[in-house]
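Enquirer: Have a look at this one before I ask anything.
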Amino acid sequence: MGSFVDLTAADGFAVPAWVAEPEGTPRGGVVVLQEIFGVNSHIRGVAERFAARGYVAVAPATFARTKPGVELGYSDADMQAGFALKTAVDQLPGAGVMPDIQAAIDHAAARSGGKVGIVGFCWGGLLTWRAACELRGLAAAVCYYGGGMTTAEEAARKPHCPVLAHFGSRDHWISQDSVQAFARAQPQVQVHVYDADHGFNCDQRGSYDEAAAVAARERTLAFFAQHLG
């Protein structure tokens, strides 16, 4: 079972992160980036499952610079609160939360002694894409229904590591036209589309789709096994 630890970003900010470690020698590290609902039980569960697969999993609290200790559910009120927090983070000066993600990557590398991958969901999927393009020390990145990552501005970025992206064909937040445009702009990115809605991986949401979640998880694990060892 994991626990929260404080990481130190380059600017000295203390970043809380849920860290789950495997039994035995780690095969690598995985940074897990939250949705707009905080490092809640779902995100902690994702980290625990990666630890069970042999990875040191690190889930930084990417809301911490604006509000600490956020753990939301999935009601309409929770969604409104999460959007407000995301907006506040988007308005942070300078590099925003990217130094916090870099601190998580560095911690995963130090604790695992191996290569590090990153995976994120919704807002975390967008941050994962940006991390793949901006940060150091990543060997692979997996984006789940990254809200905003299919815009023309984001599609013009250049990733520094292999990227896998999962989208739902019934996602009303991310249009299929934008997904296809992103795929054309980023032919090296492995893009998979499932007959599912936004948030299909989260078994605490009404949009959970077991078939899509299992298929995406197997592809993700194979991708990390290929690039992280």
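Identifiers for the structure tokens are assigned positionally: chains receive A, B, ... in sequence, residues are indexed from 1 per chain, and ligands are indexed from 1 in the order shown.
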Could you build a table of the residues in range 102-220 of chain A lying no more than 9 Å from range 64-88 of chain A, giving for each the nearest pair of atoms and their separation in Å rounded to one decimal place, using only C-alpha atoms, ordered by chain and ascending residue number, as JSON lines?

Expert:
```
{"residue": "A:Trp123", "atom": "CA", "partner": "A:Lys86", "partner_atom": "CA", "distance": 8.1}
{"residue": "A:Gln204", "atom": "CA", "partner": "A:Tyr74", "partner_atom": "CA", "distance": 7.7}
{"residue": "A:Arg205", "atom": "CA", "partner": "A:Tyr74", "partner_atom": "CA", "distance": 6.6}
{"residue": "A:Gly206", "atom": "CA", "partner": "A:Tyr74", "partner_atom": "CA", "distance": 8.9}
```

Enquirer: Keeping only C-alpha atoms, take the residues you just selected and write them out as a short mmCIF file (atom, residue, chain, number, x, y, z; two decimals), in the first residue's frame.

Expert:
```cif
data_model
loop_
_atom_site.label_atom_id
_atom_site.label_comp_id
_atom_site.auth_asym_id
_atom_site.auth_seq_id
_atom_site.Cartn_x
_atom_site.Cartn_y
_atom_site.Cartn_z
CA TRP A 123 -6.55 16.96 -17.75
CA GLN A 204 -16.19 5.08 -10.34
CA ARG A 205 -17.87 7.00 -13.16
CA GLY A 206 -21.06 6.33 -15.05
#
```

Enquirer: Among the residues of range 41-204 of chain A, find those DSSP assigns to alpha helix (DSSP H) from the backbone and print them as JSON, numbers by chain.

Expert: {"A": [41, 42, 43, 44, 45, 46, 47, 48, 49, 50, 51, 52, 76, 77, 78, 79, 80, 81, 82, 83, 84, 85, 86, 87, 88, 89, 90, 98, 99, 100, 101, 102, 103, 104, 105, 106, 107, 108, 109, 110, 111, 112, 123, 124, 125, 126, 127, 128, 129, 130, 131, 132, 133, 134, 152, 153, 154, 155, 176, 177, 178, 179, 180, 181, 182, 183, 184, 185]}

Enquirer: DSSP on the backbone, then: every residue of range 41-188 of chain A marked strand (DSSP E or B), written as a list of chain:residue names.

Expert: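 Written out, the strand (DSSP E or B) residues of range 41-188 of chain A are A:Tyr55, A:Val56, A:Ala57, A:Val58, A:Ala59, A:Pro60, A:Glu71, A:Val116, A:Gly117, A:Ile118, A:Val119, A:Gly120, A:Phe121, A:Ala140, A:Ala141, A:Val142, A:Cys143, A:Tyr144, A:Val163, A:Leu164, A:Ala165, A:His166, A:Phe167, A:Gly168.
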
Enquirer: Could you state the separation of CA of Val15 in chain A and CA of His166 in chain A in Å, given to one decimal place?

Expert: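 It comes out at 27.6 Å.
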
Enquirer: From the options A:Gly28, A:Gly199, A:Pro22, A:Gly96, which residue's atoms come nearest to Gly120 in chain A, counting only C-alpha atoms?

Expert: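 So, comparing all the options, the nearest one is A:Gly199.
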
Enquirer: Which of these, A:Val179, A:Leu138, A:Leu92, A:Val119, has the shortest distance to Val46 in chain A once you count only C-alpha atoms?

Expert: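 With only C-alpha atoms as the atom set, the closest residue is A:Val119.
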
Enquirer: Please provide as a list in words all residues within 8 Å of Tyr194 in chain A, with the sequence filter that same-chain residues fewer than 2 positions apart are discarded (counting only C-alpha atoms).

Expert: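 The residues that qualify are His166, Phe167, Gly168, Ser169, His192, Ala196 and Ala212 of chain A.
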